[in-house]
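Beneath this line is the structure, given in structure tokens, with notes to follow.
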Amino acid sequence: MKQELKGDFDIRNQVLLSVRPEARAFIEPRLITRRLSLGQTLNQENEPFTHAIFPHEGVISLKAEMRDGRSVEKASIGYEGFIGIPLIMGGSEAISQSTVAVPGYASWLSIQDLDDAIAGFPCVREAMLRYAKSLIIQLLETVACNSLHSAEERIARWLAHAHDRVVGDSFQLTQAAISQALGLRRATVNQVCSKLMENGAIAYSRGDLTVLDADRLQGHACECYGRVRKAFEINAKPVERFIR
């Protein structure tokens, strides 16, 4: 575990922000918040969960690991969601390896504290299930995207989502991370990034990427970007269904 953050920091996670105030008042003192470093592994596949993890900034990749050593991203998670979906669906083990693709920070909530929050405040389960629905939308869109859209569209989509998940326009990101996430050759990623730089959408130097023009970057992305973003925006609305 990375060093715990002390002092003031912003709670940006949309699942936490969407629950009722009394539920947040219960949860927030029980959170342990730490920085996320590039390449950090948070969970191994089939490893029992000890905590649910709520990112506030950065991108976490859920990876599929092949026997020959290759890996590809199944889905990515940022401040719109959390790691630990099986915990609200009758499971207790991670279904994927979770690795930090873009650094940031996140909060850990123990399983016991999560269970207590769910038992005391029905809006917590509602918020988590609502995110699970938006994650399913992301997964389905990714299947279609990988089959129908070009490498340029897919890379631009991934970068646009990453930009949405960080504070500011600059963040740490390697071309190797993009290559592994999307299952593309490094040469292809380099070629697309060079084109995006030439078009004024991004700047990239030694592992630091800056989005210069978000609209231009999104213009290179496929329609899947907008569909997934819409699902995440719906998930961010406050939970009003339950009294508690």
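Each chain in the structure tokens gets a letter, A, B and so on, in the order shown; residues start at 1 in every chain, and ligands are counted from 1 in the order they appear.
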So that I can check the secondary structure, give me every residue of range 69-133 of chain A assigned strand (DSSP E or B) by backbone DSSP, as an MDAnalysis selection string. chainID A and resid 71:77 83 93 97:110
Since we have the selection now, will you write its residues out, keeping C-alpha atoms, as a PDB file, in the first residue's frame?
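Result went into part-v1.pdb, see below:
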ATOM      1  CA  SER A  71      -2.383  -8.759 -21.729  1.00  0.00           C
ATOM      2  CA  VAL A  72      -5.187  -6.462 -22.824  1.00  0.00           C
ATOM      3  CA  GLU A  73      -7.574  -4.150 -21.037  1.00  0.00           C
ATOM      4  CA  LYS A  74     -11.077  -5.462 -20.348  1.00  0.00           C
ATOM      5  CA  ALA A  75     -12.309  -2.151 -18.960  1.00  0.00           C
ATOM      6  CA  SER A  76     -10.957   0.994 -17.342  1.00  0.00           C
ATOM      7  CA  ILE A  77     -12.097   2.681 -14.151  1.00  0.00           C
ATOM      8  CA  ILE A  83     -13.087  -1.605  -7.880  1.00  0.00           C
ATOM      9  CA  GLU A  93     -12.561 -12.324  -5.283  1.00  0.00           C
ATOM     10  CA  GLN A  97      -5.811  -7.837 -12.386  1.00  0.00           C
ATOM     11  CA  SER A  98      -6.143  -4.117 -11.575  1.00  0.00           C
ATOM     12  CA  THR A  99      -3.208  -1.929 -12.655  1.00  0.00           C
ATOM     13  CA  VAL A 100      -2.732   1.850 -12.588  1.00  0.00           C
ATOM     14  CA  ALA A 101      -2.441   3.189 -16.150  1.00  0.00           C
ATOM     15  CA  VAL A 102      -2.596   6.902 -15.222  1.00  0.00           C
ATOM     16  CA  PRO A 103      -1.470   8.027 -11.732  1.00  0.00           C
ATOM     17  CA  GLY A 104      -3.796   9.776  -9.306  1.00  0.00           C
ATOM     18  CA  TYR A 105      -5.259   8.926  -5.908  1.00  0.00           C
ATOM     19  CA  ALA A 106      -7.988   6.682  -4.494  1.00  0.00           C
ATOM     20  CA  SER A 107      -9.738   5.744  -1.269  1.00  0.00           C
ATOM     21  CA  TRP A 108      -9.856   2.258   0.249  1.00  0.00           C
ATOM     22  CA  LEU A 109     -12.931   1.154   2.238  1.00  0.00           C
ATOM     23  CA  SER A 110     -12.733  -2.121   4.167  1.00  0.00           C
TER      24      SER A 110
END
List as JSON lines every residue of range 116-226 of chain A that is in contact with range 36-41 of chain A, defined as an atom at most 10 Å from one of its atoms (using only C-alpha atoms), together with the nearest atom pair and the distance in Å rounded to one decimal, sorted by chain and then rising number.
{"residue": "A:Gln172", "atom": "CA", "partner": "A:Leu38", "partner_atom": "CA", "distance": 7.7}
{"residue": "A:Leu173", "atom": "CA", "partner": "A:Leu38", "partner_atom": "CA", "distance": 7.9}
{"residue": "A:Thr174", "atom": "CA", "partner": "A:Leu38", "partner_atom": "CA", "distance": 9.1}
{"residue": "A:Ala177", "atom": "CA", "partner": "A:Gly39", "partner_atom": "CA", "distance": 8.5}
So that I have them on file, write out the residues from the current selection with N, CA, C and O atoms, as a compact mmCIF listing (two decimals), in the first residue's frame.
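Output file again-v7.txt follows:
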# COMPACT_ATOMS: atom_id res chain seq x y z
N GLN A 172 0.62 11.72 -16.56
CA GLN A 172 1.65 10.75 -16.88
C GLN A 172 1.04 9.58 -17.63
O GLN A 172 0.05 9.00 -17.18
N LEU A 173 1.62 9.22 -18.76
CA LEU A 173 1.11 8.09 -19.54
C LEU A 173 2.18 7.65 -20.52
O LEU A 173 2.76 8.47 -21.23
N THR A 174 2.44 6.36 -20.55
CA THR A 174 3.42 5.83 -21.50
C THR A 174 2.71 5.25 -22.72
O THR A 174 1.58 4.76 -22.61
N ALA A 177 1.76 1.70 -22.10
CA ALA A 177 0.49 1.48 -21.39
C ALA A 177 -0.69 1.50 -22.35
O ALA A 177 -1.61 0.69 -22.24
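The shortest atom-to-atom distance to His220 in chain A, with only C-alpha atoms taken into account, belongs to A:Trp158 out of A:Trp158, A:His56, A:Val189, A:Ala203.
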When DSSP works through the backbone of this structure, what residues of range 8-205 of chain A end up as alpha helix (DSSP H), shown as number ranges by chain? A: 14-18, 21-27, 111-120, 122-148, 151-164, 175-182, 186-198
Which residues, written as a compact mmCIF listing (two decimals) with all heavy atoms, in the first residue's frame, have at least one atom at most 10 Å from Asp115 in chain A, with only C-alpha atoms counted and residues fewer than 6 positions away on the same chain left out?
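The file below, around.txt, is the result:
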# COMPACT_ATOMS: atom_id res chain seq x y z
N LEU A 87 -18.26 -7.63 -4.83
CA LEU A 87 -18.64 -7.50 -3.43
C LEU A 87 -20.13 -7.22 -3.25
O LEU A 87 -20.69 -7.50 -2.18
CB LEU A 87 -17.82 -6.40 -2.75
CG LEU A 87 -16.32 -6.66 -2.63
CD1 LEU A 87 -15.61 -5.45 -2.08
CD2 LEU A 87 -16.05 -7.88 -1.75
N ILE A 88 -20.78 -6.66 -4.26
CA ILE A 88 -22.22 -6.39 -4.16
C ILE A 88 -23.03 -7.38 -4.98
O ILE A 88 -24.24 -7.23 -5.12
CB ILE A 88 -22.55 -4.94 -4.60
CG1 ILE A 88 -22.09 -4.68 -6.03
CG2 ILE A 88 -21.94 -3.94 -3.64
CD1 ILE A 88 -22.61 -3.38 -6.60
N LEU A 109 -11.91 1.36 1.22
CA LEU A 109 -12.93 1.15 2.24
C LEU A 109 -12.98 -0.33 2.55
O LEU A 109 -13.18 -1.14 1.64
CB LEU A 109 -14.30 1.64 1.75
CG LEU A 109 -15.45 1.54 2.76
CD1 LEU A 109 -15.24 2.52 3.92
CD2 LEU A 109 -16.79 1.82 2.08
N PHE A 121 -27.58 2.10 4.91
CA PHE A 121 -28.01 3.12 3.95
C PHE A 121 -28.25 2.46 2.59
O PHE A 121 -27.31 2.23 1.82
CB PHE A 121 -26.94 4.21 3.82
CG PHE A 121 -26.53 4.82 5.13
CD1 PHE A 121 -25.41 4.34 5.81
CD2 PHE A 121 -27.27 5.85 5.70
CE1 PHE A 121 -25.04 4.89 7.03
CE2 PHE A 121 -26.90 6.41 6.91
CZ PHE A 121 -25.78 5.92 7.58
N VAL A 124 -26.47 3.36 -0.78
CA VAL A 124 -25.11 2.97 -1.11
C VAL A 124 -25.11 1.83 -2.12
O VAL A 124 -24.44 1.86 -3.15
CB VAL A 124 -24.32 2.58 0.16
CG1 VAL A 124 -22.93 2.04 -0.20
CG2 VAL A 124 -24.19 3.77 1.10
N ARG A 125 -25.92 0.79 -1.83
CA ARG A 125 -26.04 -0.31 -2.80
C ARG A 125 -26.62 0.19 -4.12
O ARG A 125 -26.17 -0.23 -5.20
CB ARG A 125 -26.92 -1.43 -2.24
CG ARG A 125 -27.06 -2.62 -3.19
CD ARG A 125 -27.99 -3.68 -2.64
NE ARG A 125 -27.44 -4.34 -1.48
CZ ARG A 125 -26.60 -5.37 -1.55
NH1 ARG A 125 -26.21 -5.83 -2.72
NH2 ARG A 125 -26.15 -5.93 -0.44
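For the atom pair formed by CA of Glu22 in chain A and CA of Ala127 in chain A, the distance is 14.0 Å, given to one decimal.
The smallest atom-to-atom distance between Arg24 in chain A and any of A:Leu129, A:Ile155, A:Ala94, A:Ala117, using only C-alpha atoms, is found for A:Ala117.
Among the candidates A:Gln218, A:Ser92, A:Ser179, A:Asn13, the residue lying nearest to Phe49 in chain A is A:Ser92 (atoms considered: only C-alpha atoms).
Among the candidates A:Leu184, A:Val228, A:Ile85, A:Ala156, the one nearest to Gln138 in chain A when counting only C-alpha atoms is A:Val228.
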